[in-house]
Amino acid sequence: MRYSLRQDIAVEPVIAGWYGWSYLLPPQTLARFVHNRFNRIVESYLDDPQVHAAAVRQRRMHGGPWIHAHEHRDAIEAWYRETAPRRERLDELFEAVRRLEEDILPRHHGECLDPVYQELPAALAGRVEVFYGRDNRTADYRFVEPLMYASEYYDESWQQVRFRPVTEDAREFALTTPMLEYGPEQLLVDVPLNSPLLDTVFRGGLTGAELDDLAERFGLDGERAARFASYFEPTPAASEAPAPASGSASGSSSEEDVLEYVGHACVFARHRGTTFLVDPVLSYSGYPGGAENRFTFADLPERIDHLLITHNHQDHMLFETLLRIRHRVGRVLVPKSTNASLVDPGLGGILRRLGFTDVVEVDDLETLSCGSAEVVALPFLGEHGDLRIRSKTGWLIRFGERSVLFAADSTNISPTMYTKVAEVIGPVDTVFIGMESIGAAASWIYGPLYGEPLDRRTDQSRRLNGSNFPQAREIVDALEPDEVYVYAMGLEPWMGVVMAVDYDESHPAIVDSDLLVRHVQDKGGTAERLHLRRTLRL
């Protein structure tokens, strides 16, 4: 008998006690989030848990700085007290960055910066470069990121995973609540996120002895080892396994071309035997009442040749999914990053420290051969609060004679750009475009990284918007596709774990996307706002 992880068991990444995502992995950004956001959330909660309890019940408060596990005050207070000594090192790094930004660099206005290196706090000495902007007056800096990861401030012992059953599609917002064991059905395991032990968990097919050995290597015994074993189920022998659903990615012939919308911004494609997965966020299965017509982890093929990430936001770069599929992935394509700043840590470095070994950074309009297809990185403007962030790209994949653009949340704020892009890349047959036209204020993601908080008016003006109807219309009119699909809207219920979007029919994003669908259809094309699973022609 062999055993594999049940399809209804989530394995959630945890960093420093919080739901793990990309800005919590580099130590310099983790220090800012812990000091500027997480500590304040916990201290507010401990001061008055009922305020948090009331807030999470109000729709308009969704996604705010509230702890959802409001009934577990004692556990949260004990955890916060016990981990205080470990946070001191992050506080040291936070203070070093603060001194550089607020005390040291502002004293220099054009003269040589060599003396700055003698003033650097110990936490940053030898790990940053300082320089002037083009005005030759404003001093700035960048991290030498590999040295930050090699420092004492990058501590893999902060990393854990939490096993828990998924019981319904609508998942609770996770980014503001400490990731503790809140009930007997949950299990928190100390393990670096890049550990091969996690690949063993997700690969499955374990004998009983191998499952026992795995529990021991996770440091589990007694009741905790038994709880861990309960998350696994017998794997049917090959002769007993049910036949895959017709047309599913795992059930199709390896020679059959397929394009599958998975949900949110995730799309699976297979072309002449080569497989692609874009912006992977997958749902779970195996529990009563789950939505029908879903593409879940069980539908993935054994091998994903090329994984493509458009940008470094939680709903496109989801650690929870990335860890679960890591053992299947060949090469990862990411946008090239050159900033190494607090707001734009290198995406390639993050993925490598997450355990991916073949990561390729691609620059604007660079073309790569990927098995049977070609991949081109296209410029991605907007949706990042007017910050200098380079880690974003749209992916154009040429499947033989047919080309498909995954534009993600690109915003057409430069109306002539796509006309110029079209002159370079030629015809585009299918466009996927996000239209969350009223996004969160920029501080919702980036606030802890600012040197000074933005005033409310400025913050609200710099929202993380996708394209509205006029902007999206100009994109499709420039590229002239015959198919347009609106995606990346956060419509799927399982996206609530990292998103806080509530729609009704009057919401601008729904109105804008309806207008785009009608515009394309009026021109004789195919258009649809996607939801749940959708099989499309390739």
# chains A, B, ... in the order shown; residues from 1 in each chain; ligands from 1
$ residues_around --residues "Ile425 of chain A" --least-positions-apart "5" --cutoff "10 Å" --atoms "only C-alpha atoms" --output "mmCIF file with C-alpha atoms, in the first residue's frame"
data_model
loop_
_atom_site.group_PDB
_atom_site.id
_atom_site.type_symbol
_atom_site.label_atom_id
_atom_site.label_comp_id
_atom_site.auth_asym_id
_atom_site.auth_seq_id
_atom_site.Cartn_x
_atom_site.Cartn_y
_atom_site.Cartn_z
ATOM 1 C CA LEU A 365 10.969 41.943 -26.219
ATOM 2 C CA VAL A 376 8.368 36.760 -25.916
ATOM 3 C CA LEU A 378 6.308 42.244 -23.541
ATOM 4 C CA LEU A 396 3.389 36.272 -25.575
ATOM 5 C CA SER A 403 -0.008 33.513 -30.699
ATOM 6 C CA LYS A 420 4.494 50.159 -31.299
ATOM 7 C CA LEU A 479 -3.268 44.042 -31.431
#
$ residues_around --residues "Asn293 of chain A" --least-positions-apart "2" --cutoff "9 Å" --atoms "only C-alpha atoms" --output "CSV table (one decimal) with N, CA and C atoms, in the first residue's frame"
chain,number,residue,atom,x,y,z
A,291,ALA,N,-17.0,23.7,-5.7
A,291,ALA,CA,-17.6,24.1,-7.0
A,291,ALA,C,-17.2,23.1,-8.1
A,295,PHE,N,-10.4,23.3,-12.4
A,295,PHE,CA,-9.1,22.7,-12.7
A,295,PHE,C,-8.3,22.7,-11.4
A,532,LEU,N,-14.0,30.3,-13.1
A,532,LEU,CA,-13.8,28.8,-12.9
A,532,LEU,C,-13.1,28.3,-14.1
A,533,ARG,N,-13.3,27.0,-14.5
A,533,ARG,CA,-12.6,26.4,-15.5
A,533,ARG,C,-13.2,26.6,-16.9
A,534,ARG,N,-12.3,26.8,-17.9
A,534,ARG,CA,-12.8,26.9,-19.3
A,534,ARG,C,-11.7,26.3,-20.2
$ atom_distance --atom1 "atom CA of Arg270 of chain A" --atom2 "atom CA of Leu308 of chain A"
13.5 Å
$ residues_around --residues "Leu368 of chain A" --least-positions-apart "6" --cutoff "12 Å" --atoms "only C-alpha atoms" --output "PyMOL selection string"
chain A and resi 306+331+333-334+360-362+374-377+395-398
$ residues_around --residues "Leu211 of chain A" --least-positions-apart "2" --cutoff "10 Å" --atoms "only C-alpha atoms" --output "JSON, numbers by chain"
{"A": [2, 3, 4, 200, 201, 204, 205, 206, 207, 208, 209, 213, 214, 215, 216, 217, 225, 228, 229, 232]}
$ write_last_selection --atoms "all heavy atoms" --output "compact mmCIF listing (two decimals), in the first residue's frame"
# COMPACT_ATOMS: atom_id res chain seq x y z
N ARG A 2 0.51 2.22 -0.85
CA ARG A 2 1.23 3.49 -0.88
C ARG A 2 0.27 4.62 -0.59
O ARG A 2 -0.94 4.50 -0.78
CB ARG A 2 1.93 3.69 -2.23
CG ARG A 2 3.06 2.68 -2.44
CD ARG A 2 3.83 2.91 -3.73
NE ARG A 2 4.92 1.97 -3.84
CZ ARG A 2 6.15 2.17 -3.36
NH1 ARG A 2 6.43 3.32 -2.76
NH2 ARG A 2 7.09 1.27 -3.49
N TYR A 3 0.83 5.76 -0.13
CA TYR A 3 0.01 6.85 0.36
C TYR A 3 0.44 8.17 -0.28
O TYR A 3 1.63 8.43 -0.49
CB TYR A 3 0.14 6.96 1.89
CG TYR A 3 -0.28 5.70 2.61
CD1 TYR A 3 0.62 4.65 2.81
CD2 TYR A 3 -1.59 5.55 3.06
CE1 TYR A 3 0.23 3.49 3.46
CE2 TYR A 3 -1.99 4.39 3.70
CZ TYR A 3 -1.07 3.37 3.90
OH TYR A 3 -1.47 2.22 4.54
N SER A 4 -0.56 9.01 -0.55
CA SER A 4 -0.32 10.35 -1.10
C SER A 4 -1.15 11.37 -0.34
O SER A 4 -2.18 11.03 0.26
CB SER A 4 -0.67 10.39 -2.59
OG SER A 4 0.18 9.54 -3.34
N THR A 200 8.86 15.55 -1.41
CA THR A 200 8.47 14.17 -1.09
C THR A 200 7.00 14.12 -0.67
O THR A 200 6.26 13.23 -1.07
CB THR A 200 9.36 13.63 0.04
OG1 THR A 200 10.73 13.67 -0.38
CG2 THR A 200 8.98 12.20 0.39
N VAL A 201 6.57 15.10 0.14
CA VAL A 201 5.16 15.17 0.54
C VAL A 201 4.27 15.27 -0.68
O VAL A 201 3.27 14.55 -0.82
CB VAL A 201 4.93 16.37 1.48
CG1 VAL A 201 3.44 16.64 1.66
CG2 VAL A 201 5.59 16.14 2.83
N GLY A 204 4.18 12.19 -3.34
CA GLY A 204 3.33 11.09 -2.90
C GLY A 204 3.87 9.73 -3.29
O GLY A 204 5.05 9.56 -3.61
N GLY A 205 2.98 8.73 -3.24
CA GLY A 205 3.38 7.37 -3.55
C GLY A 205 4.30 6.77 -2.50
O GLY A 205 5.20 5.99 -2.81
N LEU A 206 4.07 7.11 -1.23
CA LEU A 206 4.95 6.68 -0.14
C LEU A 206 4.46 5.37 0.47
O LEU A 206 3.26 5.16 0.64
CB LEU A 206 4.98 7.75 0.95
CG LEU A 206 5.42 9.15 0.54
CD1 LEU A 206 5.19 10.13 1.68
CD2 LEU A 206 6.88 9.15 0.14
N THR A 207 5.40 4.50 0.81
CA THR A 207 5.03 3.32 1.59
C THR A 207 4.75 3.76 3.03
O THR A 207 5.08 4.87 3.45
CB THR A 207 6.18 2.30 1.59
OG1 THR A 207 7.30 2.87 2.28
CG2 THR A 207 6.59 1.93 0.18
N GLY A 208 4.15 2.86 3.80
CA GLY A 208 3.89 3.18 5.19
C GLY A 208 5.17 3.50 5.94
O GLY A 208 5.22 4.43 6.76
N ALA A 209 6.23 2.76 5.66
CA ALA A 209 7.51 3.01 6.33
C ALA A 209 8.08 4.36 5.92
O ALA A 209 8.64 5.09 6.75
CB ALA A 209 8.50 1.90 6.00
N ASP A 213 8.90 7.56 8.28
CA ASP A 213 10.22 8.19 8.25
C ASP A 213 10.10 9.68 7.99
O ASP A 213 10.83 10.49 8.59
CB ASP A 213 11.09 7.53 7.18
CG ASP A 213 12.46 8.17 7.07
OD1 ASP A 213 13.25 8.06 8.01
OD2 ASP A 213 12.72 8.83 6.02
N LEU A 214 9.17 10.06 7.11
CA LEU A 214 8.97 11.47 6.80
C LEU A 214 8.50 12.23 8.04
O LEU A 214 8.98 13.34 8.32
CB LEU A 214 7.97 11.61 5.66
CG LEU A 214 7.75 13.00 5.06
CD1 LEU A 214 9.04 13.59 4.56
CD2 LEU A 214 6.72 12.92 3.93
N ALA A 215 7.56 11.66 8.78
CA ALA A 215 7.10 12.29 10.01
C ALA A 215 8.25 12.48 10.99
O ALA A 215 8.38 13.54 11.63
CB ALA A 215 5.99 11.45 10.64
N GLU A 216 9.10 11.46 11.09
CA GLU A 216 10.25 11.57 12.00
C GLU A 216 11.20 12.68 11.56
O GLU A 216 11.71 13.44 12.38
CB GLU A 216 10.97 10.22 12.06
CG GLU A 216 12.14 10.20 13.03
CD GLU A 216 12.80 8.83 13.12
OE1 GLU A 216 12.24 7.87 12.56
OE2 GLU A 216 13.88 8.75 13.75
N ARG A 217 11.43 12.80 10.25
CA ARG A 217 12.33 13.84 9.75
C ARG A 217 11.75 15.24 9.92
O ARG A 217 12.49 16.22 9.99
CB ARG A 217 12.67 13.56 8.28
CG ARG A 217 13.44 12.26 8.09
CD ARG A 217 13.77 11.99 6.64
NE ARG A 217 14.80 12.91 6.16
CZ ARG A 217 15.26 12.93 4.91
NH1 ARG A 217 14.74 12.08 4.01
NH2 ARG A 217 16.19 13.79 4.54
N ALA A 225 2.52 12.93 14.97
CA ALA A 225 2.84 12.05 13.84
C ALA A 225 1.57 11.39 13.31
O ALA A 225 1.41 11.24 12.09
CB ALA A 225 3.86 10.99 14.27
N PHE A 228 -0.29 13.93 11.30
CA PHE A 228 0.35 14.08 9.99
C PHE A 228 -0.06 12.94 9.06
O PHE A 228 -0.42 13.17 7.90
CB PHE A 228 1.87 14.11 10.18
CG PHE A 228 2.66 14.17 8.90
CD1 PHE A 228 2.70 15.33 8.15
CD2 PHE A 228 3.38 13.07 8.46
CE1 PHE A 228 3.44 15.39 6.97
CE2 PHE A 228 4.13 13.12 7.30
CZ PHE A 228 4.16 14.29 6.55
N ALA A 229 -0.04 11.72 9.55
CA ALA A 229 -0.41 10.56 8.73
C ALA A 229 -1.85 10.64 8.26
O ALA A 229 -2.19 10.16 7.17
CB ALA A 229 -0.16 9.27 9.50
N PHE A 232 -2.88 11.88 4.73
CA PHE A 232 -2.57 11.06 3.56
C PHE A 232 -3.64 9.99 3.37
O PHE A 232 -4.33 9.61 4.33
CB PHE A 232 -1.19 10.41 3.71
CG PHE A 232 -0.05 11.40 3.65
CD1 PHE A 232 0.23 12.20 4.76
CD2 PHE A 232 0.72 11.54 2.51
CE1 PHE A 232 1.27 13.12 4.72
CE2 PHE A 232 1.76 12.45 2.47
CZ PHE A 232 2.03 13.25 3.57
$ select_by_dssp --residues "segment 242-351 of chain A" --states "helix (DSSP H, G or I)" --output "list in words"
Phe297, Ala298, Asp299, Phe319, Glu320, Thr321, Leu322, Leu323, Arg324, Ile325, Arg326, His327, Arg328, Leu347, Gly348, Gly349, Ile350 and Leu351 of chain A
$ residues_around --residues "Met489 of chain A" --least-positions-apart "4" --cutoff "12 Å" --atoms "only C-alpha atoms" --output "JSON, numbers by chain"
{"A": [263, 264, 265, 266, 315, 316, 408, 409, 432, 433, 434, 435, 436, 437, 438, 439, 465, 466, 467, 485, 493, 495, 496, 499, 500, 501, 502, 503, 507, 508, 509, 510, 512, 513, 529, 530, 531, 532]}
$ atom_distance --atom1 "atom CA of Ala96 of chain A" --atom2 "atom CA of Ser151 of chain A"
13.9 Å
$ select_by_dssp --residues "segment 11-77 of chain A" --states "strand (DSSP E or B)" --output "list in words"
Val11, Glu12, Pro13, Val14, Ile15, Trp18 and Tyr19 of chain A
$ write_last_selection --atoms "all heavy atoms" --output "PDB file, in the first residue's frame"
ATOM      1  N   VAL A  11      -1.327  22.980   2.280  1.00  0.00           N
ATOM      2  CA  VAL A  11      -0.039  23.108   2.963  1.00  0.00           C
ATOM      3  C   VAL A  11       0.389  24.561   2.763  1.00  0.00           C
ATOM      4  O   VAL A  11       0.843  24.949   1.697  1.00  0.00           O
ATOM      5  CB  VAL A  11       0.999  22.123   2.408  1.00  0.00           C
ATOM      6  CG1 VAL A  11       2.303  22.235   3.199  1.00  0.00           C
ATOM      7  CG2 VAL A  11       0.462  20.696   2.469  1.00  0.00           C
ATOM      8  N   GLU A  12       0.200  25.346   3.820  1.00  0.00           N
ATOM      9  CA  GLU A  12       0.360  26.795   3.714  1.00  0.00           C
ATOM     10  C   GLU A  12       1.763  27.215   4.137  1.00  0.00           C
ATOM     11  O   GLU A  12       2.242  26.794   5.193  1.00  0.00           O
ATOM     12  CB  GLU A  12      -0.683  27.490   4.600  1.00  0.00           C
ATOM     13  CG  GLU A  12      -2.114  27.143   4.222  1.00  0.00           C
ATOM     14  CD  GLU A  12      -3.117  27.512   5.293  1.00  0.00           C
ATOM     15  OE1 GLU A  12      -2.841  27.258   6.482  1.00  0.00           O
ATOM     16  OE2 GLU A  12      -4.180  28.065   4.941  1.00  0.00           O
ATOM     17  N   PRO A  13       2.426  28.054   3.348  1.00  0.00           N
ATOM     18  CA  PRO A  13       3.773  28.512   3.720  1.00  0.00           C
ATOM     19  C   PRO A  13       3.703  29.532   4.845  1.00  0.00           C
ATOM     20  O   PRO A  13       2.790  30.359   4.908  1.00  0.00           O
ATOM     21  CB  PRO A  13       4.279  29.156   2.425  1.00  0.00           C
ATOM     22  CG  PRO A  13       3.034  29.622   1.739  1.00  0.00           C
ATOM     23  CD  PRO A  13       1.960  28.635   2.087  1.00  0.00           C
ATOM     24  N   VAL A  14       4.672  29.479   5.735  1.00  0.00           N
ATOM     25  CA  VAL A  14       4.713  30.380   6.883  1.00  0.00           C
ATOM     26  C   VAL A  14       6.127  30.956   6.990  1.00  0.00           C
ATOM     27  O   VAL A  14       7.112  30.216   6.928  1.00  0.00           O
ATOM     28  CB  VAL A  14       4.349  29.651   8.193  1.00  0.00           C
ATOM     29  CG1 VAL A  14       4.361  30.614   9.376  1.00  0.00           C
ATOM     30  CG2 VAL A  14       2.987  28.961   8.064  1.00  0.00           C
ATOM     31  N   ILE A  15       6.219  32.278   7.130  1.00  0.00           N
ATOM     32  CA  ILE A  15       7.504  32.949   7.331  1.00  0.00           C
ATOM     33  C   ILE A  15       7.360  33.900   8.515  1.00  0.00           C
ATOM     34  O   ILE A  15       6.496  34.776   8.506  1.00  0.00           O
ATOM     35  CB  ILE A  15       7.943  33.723   6.074  1.00  0.00           C
ATOM     36  CG1 ILE A  15       8.089  32.774   4.871  1.00  0.00           C
ATOM     37  CG2 ILE A  15       9.259  34.465   6.326  1.00  0.00           C
ATOM     38  CD1 ILE A  15       8.416  33.475   3.563  1.00  0.00           C
ATOM     39  N   TRP A  18       3.819  34.329   9.729  1.00  0.00           N
ATOM     40  CA  TRP A  18       2.792  34.919   8.881  1.00  0.00           C
ATOM     41  C   TRP A  18       2.696  34.167   7.568  1.00  0.00           C
ATOM     42  O   TRP A  18       3.633  33.459   7.174  1.00  0.00           O
ATOM     43  CB  TRP A  18       3.100  36.397   8.633  1.00  0.00           C
ATOM     44  CG  TRP A  18       3.146  37.183   9.911  1.00  0.00           C
ATOM     45  CD1 TRP A  18       4.239  37.364  10.718  1.00  0.00           C
ATOM     46  CD2 TRP A  18       2.049  37.826  10.572  1.00  0.00           C
ATOM     47  NE1 TRP A  18       3.887  38.082  11.828  1.00  0.00           N
ATOM     48  CE2 TRP A  18       2.558  38.390  11.770  1.00  0.00           C
ATOM     49  CE3 TRP A  18       0.696  37.988  10.258  1.00  0.00           C
ATOM     50  CZ2 TRP A  18       1.754  39.098  12.654  1.00  0.00           C
ATOM     51  CZ3 TRP A  18      -0.095  38.708  11.138  1.00  0.00           C
ATOM     52  CH2 TRP A  18       0.422  39.248  12.320  1.00  0.00           C
ATOM     53  N   TYR A  19       1.557  34.299   6.901  1.00  0.00           N
ATOM     54  CA  TYR A  19       1.353  33.614   5.620  1.00  0.00           C
ATOM     55  C   TYR A  19       2.462  34.028   4.656  1.00  0.00           C
ATOM     56  O   TYR A  19       2.647  35.204   4.355  1.00  0.00           O
ATOM     57  CB  TYR A  19      -0.021  33.969   5.051  1.00  0.00           C
ATOM     58  CG  TYR A  19      -0.381  33.211   3.790  1.00  0.00           C
ATOM     59  CD1 TYR A  19      -0.924  31.935   3.867  1.00  0.00           C
ATOM     60  CD2 TYR A  19      -0.161  33.765   2.533  1.00  0.00           C
ATOM     61  CE1 TYR A  19      -1.256  31.226   2.726  1.00  0.00           C
ATOM     62  CE2 TYR A  19      -0.486  33.065   1.385  1.00  0.00           C
ATOM     63  CZ  TYR A  19      -1.030  31.795   1.480  1.00  0.00           C
ATOM     64  OH  TYR A  19      -1.352  31.096   0.337  1.00  0.00           O
TER      65      TYR A  19
END
$ atom_distance --atom1 "atom CA of Ser230 of chain A" --atom2 "atom CA of Gly290 of chain A"
20.9 Å
$ residues_around --residues "Leu538 of chain A" --least-positions-apart "3" --cutoff "9 Å" --atoms "only C-alpha atoms" --output "PyMOL selection string"
chain A and resi 257-259+269-271+399+402-404
$ residues_around --residues "segment 157-163 of chain A" --least-positions-apart "5" --cutoff "8 Å" --atoms "only C-alpha atoms" --output "VMD selection string"
chain A and resid 9 to 17 179 to 181 186 to 193
$ closest_residue --among "A:Ile445, A:Ala373, A:Ala440, A:Val329" --to "Asp344 of chain A" --atoms "only C-alpha atoms"
A:Ile445
$ closest_residue --among "A:Gly382, A:Gly349, A:Pro288, A:Pro427" --to "Glu401 of chain A" --atoms "only C-alpha atoms"
A:Pro427
$ closest_atom_pairs --of "segment 67-156 of chain A" --to "segment 27-49 of chain A" --cutoff "9 Å" --atoms "only C-alpha atoms" --output "tab-separated table"
residue	atom	partner	partner_atom	distance
A:Ile67	CA	A:Tyr45	CA	6.8
A:His70	CA	A:Pro49	CA	5.9
A:Glu71	CA	A:Pro49	CA	8.0
A:Arg73	CA	A:Leu46	CA	6.9
A:Ile76	CA	A:Val42	CA	8.0
A:Glu77	CA	A:Leu46	CA	6.9
A:Tyr80	CA	A:Val42	CA	7.8
A:Arg87	CA	A:Val34	CA	8.3
A:Arg89	CA	A:Ala31	CA	8.7
A:Leu90	CA	A:Ala31	CA	5.0
A:Asp91	CA	A:Ala31	CA	6.6
A:Glu92	CA	A:Ala31	CA	8.6
A:Leu93	CA	A:Ala31	CA	6.6
A:Phe94	CA	A:Ala31	CA	5.4
A:Val97	CA	A:Gln28	CA	8.1
A:Phe143	CA	A:Gln28	CA	8.8
A:Met148	CA	A:Pro27	CA	6.9
A:Tyr149	CA	A:Pro27	CA	7.1
A:Ser151	CA	A:Pro27	CA	8.8
A:Tyr153	CA	A:Pro27	CA	5.8
A:Tyr154	CA	A:Pro27	CA	5.2
A:Asp155	CA	A:Pro27	CA	8.0
$ closest_residue --among "A:Met61, A:Leu351, A:Leu515, A:Leu449" --to "Phe173 of chain A" --atoms "only C-alpha atoms"
A:Met61
